[in-house]
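S.K.: Handing over start33.cif, mmCIF, C-alpha atoms and all ligand atoms.
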data_work
#
loop_
_atom_site.label_atom_id
_atom_site.label_comp_id
_atom_site.auth_asym_id
_atom_site.auth_seq_id
_atom_site.Cartn_x
_atom_site.Cartn_y
_atom_site.Cartn_z
CA MET A 1 15.62 15.20 12.93
CA ASN A 2 13.52 12.89 15.10
CA LYS A 3 10.50 15.21 15.01
CA LYS A 4 10.46 15.20 11.20
CA PRO A 5 7.59 13.28 9.58
CA ILE A 6 7.57 9.92 7.85
CA GLY A 7 6.42 10.23 4.23
CA VAL A 8 3.82 7.69 3.10
CA PHE A 9 2.47 7.48 -0.45
CA ASP A 10 0.15 5.52 -2.70
CA SER A 11 -1.70 6.16 -5.95
CA GLY A 12 -4.82 6.92 -3.92
CA VAL A 13 -6.80 6.14 -0.78
CA GLY A 14 -5.51 2.54 -0.60
CA GLY A 15 -2.35 3.58 1.23
CA LEU A 16 -4.55 4.67 4.13
CA SER A 17 -4.89 0.97 5.02
CA VAL A 18 -1.13 0.99 5.70
CA LEU A 19 -1.15 4.43 7.33
CA VAL A 20 -3.65 3.35 10.01
CA GLU A 21 -1.35 0.48 11.03
CA LEU A 22 1.62 2.88 11.17
CA GLN A 23 -0.37 5.31 13.34
CA LYS A 24 -1.39 2.48 15.67
CA LEU A 25 2.13 1.13 16.16
CA LEU A 26 3.90 4.51 16.14
CA PRO A 27 1.42 6.90 17.80
CA ASN A 28 4.04 9.56 18.59
CA GLU A 29 5.33 9.91 15.04
CA ASN A 30 4.29 12.62 12.60
CA PHE A 31 3.23 11.48 9.13
CA VAL A 32 2.65 13.11 5.79
CA PHE A 33 0.44 11.09 3.44
CA LEU A 34 0.29 11.70 -0.29
CA ALA A 35 -2.25 10.15 -2.66
CA ASP A 36 -1.11 10.50 -6.28
CA GLN A 37 -4.67 10.54 -7.59
CA LEU A 38 -3.71 12.47 -10.69
CA ASN A 39 -2.12 9.21 -11.85
CA VAL A 40 -4.40 6.56 -10.34
CA PRO A 41 -4.59 3.66 -11.25
CA TYR A 42 -0.92 2.71 -10.95
CA GLY A 43 -1.89 -0.86 -11.87
CA GLU A 44 -2.21 0.15 -15.53
CA LYS A 45 1.10 2.07 -15.75
CA SER A 46 4.51 1.12 -17.14
CA LYS A 47 7.71 0.72 -15.10
CA LYS A 48 9.06 3.94 -16.59
CA GLU A 49 6.00 5.93 -15.48
CA LEU A 50 5.95 4.35 -12.01
CA VAL A 51 9.62 5.21 -11.40
CA LYS A 52 8.99 8.78 -12.58
CA PHE A 53 6.02 9.20 -10.19
CA ALA A 54 7.99 7.73 -7.27
CA PHE A 55 10.90 10.14 -7.88
CA GLN A 56 8.56 13.16 -8.13
CA ILE A 57 6.80 12.24 -4.89
CA THR A 58 10.04 11.59 -3.00
CA ASP A 59 11.52 14.90 -4.19
CA TYR A 60 8.33 16.66 -3.06
CA PHE A 61 8.49 14.97 0.37
CA ILE A 62 12.16 15.86 0.86
CA LYS A 63 11.85 19.44 -0.35
CA ASN A 64 8.53 20.39 1.27
CA HIS A 65 8.33 18.18 4.35
CA LYS A 66 11.94 17.19 5.12
CA ILE A 67 10.88 13.58 5.71
CA LYS A 68 13.17 11.30 7.72
CA GLN A 69 11.87 8.02 6.29
CA LEU A 70 9.77 6.89 3.32
CA VAL A 71 7.03 4.24 3.22
CA ILE A 72 5.74 3.14 -0.17
CA ALA A 73 2.21 2.14 0.80
CA CYS A 74 1.62 0.59 -2.61
CA ASN A 75 2.51 -2.86 -3.94
CA THR A 76 2.58 -1.74 -7.57
CA SER A 77 4.97 1.15 -6.98
CA THR A 78 7.18 -1.00 -4.75
CA CYS A 79 7.41 -3.81 -7.31
CA TYR A 80 8.62 -1.45 -10.04
CA SER A 81 10.40 1.43 -8.33
CA ILE A 82 11.92 0.49 -4.96
CA ASP A 83 15.31 -0.48 -6.43
CA SER A 84 15.59 2.82 -8.35
CA LEU A 85 14.42 4.77 -5.28
CA ARG A 86 16.99 3.12 -3.04
CA LYS A 87 19.74 3.73 -5.57
CA LYS A 88 18.86 7.41 -5.84
CA TYR A 89 17.93 8.38 -2.26
CA SER A 90 19.22 5.90 0.32
CA LYS A 91 22.86 6.99 0.17
CA LYS A 92 22.64 10.58 -1.04
CA ASN A 93 19.76 11.62 1.24
CA PHE A 94 20.27 8.97 3.96
CA LEU A 95 16.63 8.11 3.48
CA PRO A 96 15.53 4.71 4.81
CA ILE A 97 12.83 3.27 2.54
CA VAL A 98 10.18 0.66 3.38
CA GLY A 99 8.13 -0.97 0.61
CA THR A 100 4.94 -3.00 0.47
CA VAL A 101 5.17 -6.44 -1.10
CA PRO A 102 2.68 -9.33 -1.44
CA ALA A 103 2.48 -11.38 1.78
CA LEU A 104 3.09 -14.65 -0.04
CA LYS A 105 5.57 -15.96 2.51
CA PRO A 106 3.19 -16.23 5.51
CA ALA A 107 0.41 -17.55 3.25
CA SER A 108 2.67 -20.29 1.87
CA GLN A 109 4.05 -21.17 5.29
CA ASN A 110 0.60 -21.58 6.81
CA THR A 111 -1.39 -23.26 4.06
CA LYS A 112 -2.74 -26.71 4.87
CA SER A 113 -4.33 -27.37 1.49
CA GLY A 114 -1.17 -26.50 -0.50
CA THR A 115 -3.03 -23.88 -2.55
CA VAL A 116 -2.93 -20.13 -1.96
CA ALA A 117 -4.39 -17.26 -3.95
CA VAL A 118 -3.14 -13.73 -4.46
CA ILE A 119 -5.09 -10.81 -5.89
CA SER A 120 -3.34 -7.63 -7.01
CA THR A 121 -3.31 -4.99 -9.75
CA PRO A 122 -2.57 -6.19 -13.31
CA ALA A 123 0.93 -4.64 -13.10
CA THR A 124 1.79 -6.33 -9.79
CA SER A 125 0.47 -9.72 -10.91
CA LYS A 126 2.80 -9.78 -13.91
CA SER A 127 5.79 -8.15 -12.22
CA PRO A 128 9.21 -9.79 -11.89
CA VAL A 129 8.85 -9.32 -8.10
CA MET A 130 5.69 -11.44 -8.04
CA ARG A 131 7.42 -14.12 -10.13
CA LYS A 132 10.38 -14.12 -7.77
CA PHE A 133 8.16 -14.32 -4.67
CA ILE A 134 6.26 -17.29 -6.10
CA ARG A 135 9.54 -19.01 -6.99
CA ASP A 136 11.25 -18.29 -3.65
CA PHE A 137 8.44 -18.51 -1.09
CA ALA A 138 5.90 -20.87 -2.60
CA LYS A 139 7.98 -23.89 -3.55
CA GLY A 140 5.68 -26.85 -4.07
CA ILE A 141 2.61 -24.70 -3.43
CA LYS A 142 -0.03 -23.98 -6.05
CA VAL A 143 -0.48 -20.22 -6.43
CA LEU A 144 -3.51 -18.65 -8.11
CA ASN A 145 -2.10 -15.29 -9.20
CA ILE A 146 -4.99 -13.06 -10.26
CA GLY A 147 -4.61 -9.54 -11.65
CA CYS A 148 -7.75 -7.48 -11.07
CA GLN A 149 -8.51 -4.60 -13.38
CA ASN A 150 -10.59 -1.73 -11.94
CA LEU A 151 -10.87 -3.04 -8.40
CA GLU A 152 -8.85 -0.14 -6.94
CA ASN A 153 -11.18 2.25 -8.76
CA VAL A 154 -14.26 1.16 -6.83
CA VAL A 155 -12.39 1.84 -3.58
CA GLU A 156 -11.35 5.24 -4.97
CA GLU A 157 -15.08 5.99 -5.25
CA GLY A 158 -15.57 4.91 -1.64
CA GLU A 159 -17.69 1.96 -2.81
CA ILE A 160 -16.81 -0.99 -0.63
CA ASP A 161 -20.01 -2.99 -0.82
CA SER A 162 -21.90 -1.45 -3.73
CA PRO A 163 -23.46 -3.71 -6.41
CA LYS A 164 -20.61 -2.70 -8.74
CA ALA A 165 -17.96 -3.72 -6.20
CA ILE A 166 -19.71 -7.03 -5.52
CA LEU A 167 -20.06 -7.82 -9.23
CA LEU A 168 -16.37 -7.17 -9.90
CA LEU A 169 -15.28 -9.15 -6.85
CA GLU A 170 -17.48 -12.09 -7.80
CA LYS A 171 -15.79 -12.16 -11.20
CA TYR A 172 -12.24 -12.20 -9.79
CA LEU A 173 -12.92 -14.44 -6.79
CA LYS A 174 -14.87 -17.15 -8.64
CA GLN A 175 -11.73 -19.12 -9.48
CA ILE A 176 -10.57 -18.93 -5.87
CA LYS A 177 -13.92 -20.06 -4.49
CA ASN A 178 -13.81 -23.08 -6.76
CA SER A 179 -10.26 -24.00 -5.74
CA LYS A 180 -8.64 -25.55 -2.67
CA ALA A 181 -7.10 -22.24 -1.62
CA ASP A 182 -7.17 -21.68 2.14
CA HIS A 183 -5.26 -18.34 2.14
CA LEU A 184 -5.92 -15.25 0.06
CA VAL A 185 -3.25 -12.56 -0.09
CA LEU A 186 -4.54 -9.00 -0.62
CA ALA A 187 -1.58 -7.64 -2.59
CA CYS A 188 -2.93 -4.16 -3.26
CA THR A 189 -3.32 -1.68 -0.43
CA HIS A 190 -6.79 -0.68 -1.66
CA TYR A 191 -8.18 -4.18 -1.04
CA PRO A 192 -8.19 -4.28 2.80
CA PHE A 193 -11.08 -1.81 2.55
CA LEU A 194 -13.00 -4.53 0.66
CA ARG A 195 -12.13 -7.16 3.29
CA LYS A 196 -15.67 -7.73 4.61
CA THR A 197 -17.17 -8.04 1.13
CA ILE A 198 -14.36 -10.35 -0.02
CA GLN A 199 -14.74 -12.58 3.05
CA LYS A 200 -18.50 -12.82 2.47
CA ILE A 201 -17.94 -13.95 -1.11
CA VAL A 202 -15.13 -16.49 -0.56
CA GLY A 203 -16.50 -17.85 2.72
CA PRO A 204 -15.10 -17.99 6.25
CA HIS A 205 -12.69 -20.91 5.61
CA ILE A 206 -10.30 -18.73 3.55
CA LYS A 207 -7.91 -16.60 5.58
CA LEU A 208 -7.30 -13.12 4.19
CA ILE A 209 -3.80 -11.68 4.60
CA ASP A 210 -2.54 -8.16 3.95
CA SER A 211 0.80 -6.50 4.61
CA GLY A 212 -0.24 -3.46 6.72
CA LYS A 213 0.89 -4.68 10.15
CA ALA A 214 4.16 -6.11 8.78
CA ILE A 215 4.98 -2.77 7.09
CA ALA A 216 4.37 -0.95 10.38
CA ARG A 217 6.70 -3.35 12.25
CA ARG A 218 9.40 -2.97 9.58
CA THR A 219 9.07 0.83 9.72
CA LYS A 220 9.48 0.80 13.50
CA SER A 221 12.53 -1.44 13.35
CA LEU A 222 14.20 0.84 10.74
CA LEU A 223 13.47 3.91 12.90
CA LEU A 224 15.20 2.20 15.81
CA THR A 225 18.18 1.03 13.72
CA HIS A 226 18.74 4.55 12.38
CA ARG A 227 17.97 6.22 15.74
CA LEU A 228 15.18 8.22 14.13
CA LYS A 229 12.33 7.49 16.55
CA ASN A 230 10.39 10.55 17.73
CA LYS A 231 10.88 10.80 21.50
CA GLN A 232 7.92 13.14 22.13
CA ASN A 233 5.19 11.90 24.49
CA LYS A 234 2.31 13.64 22.75
CA LYS A 235 0.35 12.16 19.90
CA GLY A 236 1.85 12.74 16.46
CA LYS A 237 0.12 14.64 13.65
CA THR A 238 -0.71 13.51 10.12
CA LEU A 239 -1.02 15.81 7.13
CA TYR A 240 -2.93 14.58 4.07
CA PHE A 241 -2.26 15.62 0.48
CA THR A 242 -3.49 14.56 -2.93
CA THR A 243 -2.36 15.43 -6.45
CA GLY A 244 -6.03 15.06 -7.43
CA ASN A 245 -9.19 16.61 -6.05
CA ALA A 246 -8.78 17.47 -2.34
CA GLY A 247 -12.54 17.61 -1.70
CA LYS A 248 -13.07 14.13 -3.09
CA PHE A 249 -10.09 12.67 -1.25
CA SER A 250 -11.29 14.12 2.06
CA ARG A 251 -14.81 12.78 1.51
CA VAL A 252 -13.77 9.24 0.55
CA ALA A 253 -10.95 9.02 3.14
CA SER A 254 -13.33 10.15 5.90
CA ARG A 255 -15.83 7.48 4.86
CA LEU A 256 -13.22 4.70 4.70
CA LEU A 257 -11.54 5.60 8.00
CA LYS A 258 -14.77 6.60 9.77
CA ASN A 259 -12.96 9.70 10.94
CA GLU A 260 -12.92 13.24 9.59
CA ILE A 261 -9.96 13.71 7.24
CA LYS A 262 -9.05 17.04 5.68
CA SER A 263 -6.64 17.09 2.77
CA LYS A 264 -4.89 19.68 0.64
CA LYS A 265 -3.89 19.69 -2.99
CA ALA A 266 -0.20 19.07 -3.68
CA ARG A 267 1.54 20.15 -6.88
CA LEU A 268 4.59 18.05 -7.53
N1 LIG A 301 -2.79 0.63 -3.95
C1 LIG A 301 -1.91 0.23 -4.96
C2 LIG A 301 -1.23 -1.10 -4.75
O1 LIG A 301 -1.03 -1.50 -3.63
C3 LIG A 301 -2.19 0.54 -6.40
C4 LIG A 301 -3.59 0.66 -6.90
C5 LIG A 301 -3.59 1.31 -8.27
O2 LIG A 301 -3.43 2.52 -8.34
O3 LIG A 301 -3.73 0.60 -9.27
O4 LIG A 301 -0.81 -1.74 -5.67
#
Any chance you could give the structure as structure tokens?

M.R.:
Amino acid sequence: MNKKPIGVFDSGVGGLSVLVELQKLLPNENFVFLADQLNVPYGEKSKKELVKFAFQITDYFIKNHKIKQLVIACNTSTCYSIDSLRKKYSKKNFLPIVGTVPALKPASQNTKSGTVAVISTPATSKSPVMRKFIRDFAKGIKVLNIGCQNLENVVEEGEIDSPKAILLLEKYLKQIKNSKADHLVLACTHYPFLRKTIQKIVGPHIKLIDSGKAIARRTKSLLLTHRLKNKQNKKGKTLYFTTGNAGKFSRVASRLLKNEIKSKKARL
């Protein structure tokens, strides 16, 4: 069991920003990464569709890769499908599940100005989870909650500082630049790849926060709790799959990670 891989999924290449943190913290684990690029962008989908995709991917992981743990490397999917996933798989398949949620708590705890900003997909920004997080973690704090259409798509094209990416970012970040915000939460796993460009636009005084490292820590602690940690001393392996075009995924992933990535097509 302990040698089995951890399944990690996102709508596309964004989840790789979480995967790299997992690989850093858990170098001896095996991973299988799936980008559901047939259905990207998740940020424009309904709850019903997002739950359906999450079930299909989890079934595929269990059947084809016998995963021991699942990481949803996507805020949008987590916000709409983690409860249904847990209900269906945690007990029956003994599958521990880790989700990715907006890092509003640390941002709200550390703000000095009393204003924080969060950028995410349109679906995440209007989700009940986001509302709950603002209510529970940002009491007395002003939160600029901005849903960004199309931003994940520029990352999908591997464009992290192209004129198109800059233009879109300037549009969404304008409000933040003109506010008192001192923390900016990147609540979509595609956005850490835009970190440098975002920081240049908002200025050095705004601290950018994403969830990657926290997800890796949570994954490690669940592995320990369930005695699932891989005891091997050698470096683990990662397999990459996409429901979209494998050539394109490999090209963009290699560019984003500055490392050669080879992926295969998965049919769910
Ligand atoms: N990377 C995803 C997230 O964290 C979703 C991007 C998308 O497909 O819209 O929300």

S.K.: Considering all atoms listed in the file, tabulate each residue of chain A that lies at most 7 Å from ligand LIG 301 (chain A) along with its nearest interatomic pair and the corresponding distance in Å to one decimal; arrange the rows by chain and ascending residue number and present them as JSON lines.

M.R.:
{"residue": "A:Asp10", "atom": "CA", "partner": "A:LIG301", "partner_atom": "N1", "distance": 5.8}
{"residue": "A:Ser11", "atom": "CA", "partner": "A:LIG301", "partner_atom": "O2", "distance": 4.7}
{"residue": "A:Gly12", "atom": "CA", "partner": "A:LIG301", "partner_atom": "O2", "distance": 6.4}
{"residue": "A:Gly14", "atom": "CA", "partner": "A:LIG301", "partner_atom": "N1", "distance": 4.7}
{"residue": "A:Gly15", "atom": "CA", "partner": "A:LIG301", "partner_atom": "N1", "distance": 6.0}
{"residue": "A:Val40", "atom": "CA", "partner": "A:LIG301", "partner_atom": "O2", "distance": 4.6}
{"residue": "A:Pro41", "atom": "CA", "partner": "A:LIG301", "partner_atom": "O2", "distance": 3.3}
{"residue": "A:Tyr42", "atom": "CA", "partner": "A:LIG301", "partner_atom": "O2", "distance": 3.6}
{"residue": "A:Gly43", "atom": "CA", "partner": "A:LIG301", "partner_atom": "O3", "distance": 3.5}
{"residue": "A:Glu44", "atom": "CA", "partner": "A:LIG301", "partner_atom": "O3", "distance": 6.5}
{"residue": "A:Ala73", "atom": "CA", "partner": "A:LIG301", "partner_atom": "O1", "distance": 6.6}
{"residue": "A:Cys74", "atom": "CA", "partner": "A:LIG301", "partner_atom": "O1", "distance": 3.5}
{"residue": "A:Asn75", "atom": "CA", "partner": "A:LIG301", "partner_atom": "O1", "distance": 3.8}
{"residue": "A:Thr76", "atom": "CA", "partner": "A:LIG301", "partner_atom": "O4", "distance": 3.9}
{"residue": "A:Ser77", "atom": "CA", "partner": "A:LIG301", "partner_atom": "O4", "distance": 6.6}
{"residue": "A:Ser120", "atom": "CA", "partner": "A:LIG301", "partner_atom": "O4", "distance": 6.5}
{"residue": "A:Thr121", "atom": "CA", "partner": "A:LIG301", "partner_atom": "O3", "distance": 5.6}
{"residue": "A:Thr124", "atom": "CA", "partner": "A:LIG301", "partner_atom": "O4", "distance": 6.7}
{"residue": "A:Glu152", "atom": "CA", "partner": "A:LIG301", "partner_atom": "C4", "distance": 5.3}
{"residue": "A:Ala187", "atom": "CA", "partner": "A:LIG301", "partner_atom": "O1", "distance": 6.3}
{"residue": "A:Cys188", "atom": "CA", "partner": "A:LIG301", "partner_atom": "O1", "distance": 3.3}
{"residue": "A:Thr189", "atom": "CA", "partner": "A:LIG301", "partner_atom": "O1", "distance": 3.9}
{"residue": "A:His190", "atom": "CA", "partner": "A:LIG301", "partner_atom": "N1", "distance": 4.8}

S.K.: Can I get the selected residues back with C-alpha atoms, as a PDB file, in the coordinates of the input?

M.R.:
ATOM      1  CA  ASP A  10       0.150   5.520  -2.700  1.00  0.00           C
ATOM      2  CA  SER A  11      -1.700   6.160  -5.950  1.00  0.00           C
ATOM      3  CA  GLY A  12      -4.820   6.920  -3.920  1.00  0.00           C
ATOM      4  CA  GLY A  14      -5.510   2.540  -0.600  1.00  0.00           C
ATOM      5  CA  GLY A  15      -2.350   3.580   1.230  1.00  0.00           C
ATOM      6  CA  VAL A  40      -4.400   6.560 -10.340  1.00  0.00           C
ATOM      7  CA  PRO A  41      -4.590   3.660 -11.250  1.00  0.00           C
ATOM      8  CA  TYR A  42      -0.920   2.710 -10.950  1.00  0.00           C
ATOM      9  CA  GLY A  43      -1.890  -0.860 -11.870  1.00  0.00           C
ATOM     10  CA  GLU A  44      -2.210   0.150 -15.530  1.00  0.00           C
ATOM     11  CA  ALA A  73       2.210   2.140   0.800  1.00  0.00           C
ATOM     12  CA  CYS A  74       1.620   0.590  -2.610  1.00  0.00           C
ATOM     13  CA  ASN A  75       2.510  -2.860  -3.940  1.00  0.00           C
ATOM     14  CA  THR A  76       2.580  -1.740  -7.570  1.00  0.00           C
ATOM     15  CA  SER A  77       4.970   1.150  -6.980  1.00  0.00           C
ATOM     16  CA  SER A 120      -3.340  -7.630  -7.010  1.00  0.00           C
ATOM     17  CA  THR A 121      -3.310  -4.990  -9.750  1.00  0.00           C
ATOM     18  CA  THR A 124       1.790  -6.330  -9.790  1.00  0.00           C
ATOM     19  CA  GLU A 152      -8.850  -0.140  -6.940  1.00  0.00           C
ATOM     20  CA  ALA A 187      -1.580  -7.640  -2.590  1.00  0.00           C
ATOM     21  CA  CYS A 188      -2.930  -4.160  -3.260  1.00  0.00           C
ATOM     22  CA  THR A 189      -3.320  -1.680  -0.430  1.00  0.00           C
ATOM     23  CA  HIS A 190      -6.790  -0.680  -1.660  1.00  0.00           C
TER      24      HIS A 190
END

S.K.: Just to confirm, what's the straight-line distance from atom CA of Arg218 of chain A to atom CA of Glu21 of chain A in Å (one decimal)?

M.R.: 11.4 Å

S.K.: Enter the distance from atom CA of Pro163 of chain A to atom CA of Pro102 of chain A, in Å, rounded to one decimal.

M.R.: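 Taking atom CA of Pro163 of chain A and atom CA of Pro102 of chain A, their separation equals 27.2 Å.
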
S.K.: Between atom CA of Gln37 of chain A and atom CA of Thr242 of chain A, what is the spacing in Å?

M.R.: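 Interatomic distance here is 6.3 Å.
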
S.K.: Do you know which residues lie at most 7 Å from (0.5, 15.3, 12.9), with coordinates as in the file and only C-alpha atoms counted, and could you write them as a list in words?

M.R.: Asn30, Phe31, Gly236, Lys237, Thr238 and Leu239 of chain A

S.K.: Give me, as a PyMOL selection string, all polymer residues having an atom no more than 7 Å from Val129 of chain A, counting only C-alpha atoms and skipping those fewer than 3 positions away in the same chain.

M.R.: chain A and resi 79+132-133

S.K.: Let me make sure I understand: among A:Ile198, A:Leu144, A:Leu22, A:Ala181, which one has the smallest atom-to-atom distance to Leu169 of chain A if we use all atoms listed in the file?

M.R.: A:Ile198

S.K.: Counting all atoms listed in the file, which residue out of A:Tyr191, A:Leu268, A:Ser254, A:Lys142 sits closest to Thr58 of chain A?

M.R.: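 Answer, going by the shortest atom-to-atom distance: A:Leu268.
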
S.K.: So, counting all atoms listed in the file, which residue among A:Lys52, A:Asn64, A:Ile176, A:Leu16 is closest to Asn259 of chain A?

M.R.: A:Leu16

S.K.: My list of candidates is A:Val8, A:Phe61, A:Ala103, A:Phe53. Which is closest to Ala214 of chain A when distances are computed with only C-alpha atoms?

M.R.: A:Ala103

S.K.: Under the rule that only C-alpha atoms are counted, which of A:Leu70, A:Ile97, A:Val155, A:Ile6 is the nearest residue to Ala253 of chain A?

M.R.: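 Closest candidate: A:Val155.
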
S.K.: Within 6 Å of segment 204-208 of chain A, counting all atoms listed in the file, which residues show up once you throw out same-chain ones fewer than 3 positions away? Write them as a count of residues only, please.

M.R.: 4

S.K.: Determine, counting only C-alpha atoms, which protein, DNA and RNA residues have an atom within 9 Å of an atom of Leu25 of chain A; residues of the same chain fewer than 6 positions away are not included. Present the result as a list in words.

M.R.: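 The residues that qualify are Lys213, Ala216, Arg217 and Lys220 of chain A.
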
S.K.: I'd like to know which of A:Phe193, A:Lys66, A:Asn245, A:Phe55 is closest to Asp83 of chain A, using only C-alpha atoms.

M.R.: A:Phe55

S.K.: Set the distance at 12 Å and use only C-alpha atoms: which residues neighbour Thr243 of chain A once local chain neighbours fewer than 5 positions away are removed? I'd like the list as an NGL selection string.

M.R.: :A and (9-13 or 33-40 or 53 or 56-57 or 60 or 248-249 or 263-268)

S.K.: Give me, as a PDB file with C-alpha atoms, in the frame of the given file, all polymer residues having an atom no more than 10 Å from His226 of chain A, counting all atoms listed in the file and skipping those fewer than 5 positions away in the same chain.

M.R.:
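Written output follows (around34.pdb):
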ATOM      1  CA  LYS A  68      13.170  11.300   7.720  1.00  0.00           C
ATOM      2  CA  GLN A  69      11.870   8.020   6.290  1.00  0.00           C
ATOM      3  CA  PHE A  94      20.270   8.970   3.960  1.00  0.00           C
ATOM      4  CA  LEU A  95      16.630   8.110   3.480  1.00  0.00           C
ATOM      5  CA  PRO A  96      15.530   4.710   4.810  1.00  0.00           C
ATOM      6  CA  SER A 221      12.530  -1.440  13.350  1.00  0.00           C
TER       7      SER A 221
END

S.K.: Could you tell me, as a PyMOL selection string, which residues have any atom at most 10 Å from (1.3, 9.9, 19.0), counting all atoms listed in the file?

M.R.: chain A and resi 23-30+230-238
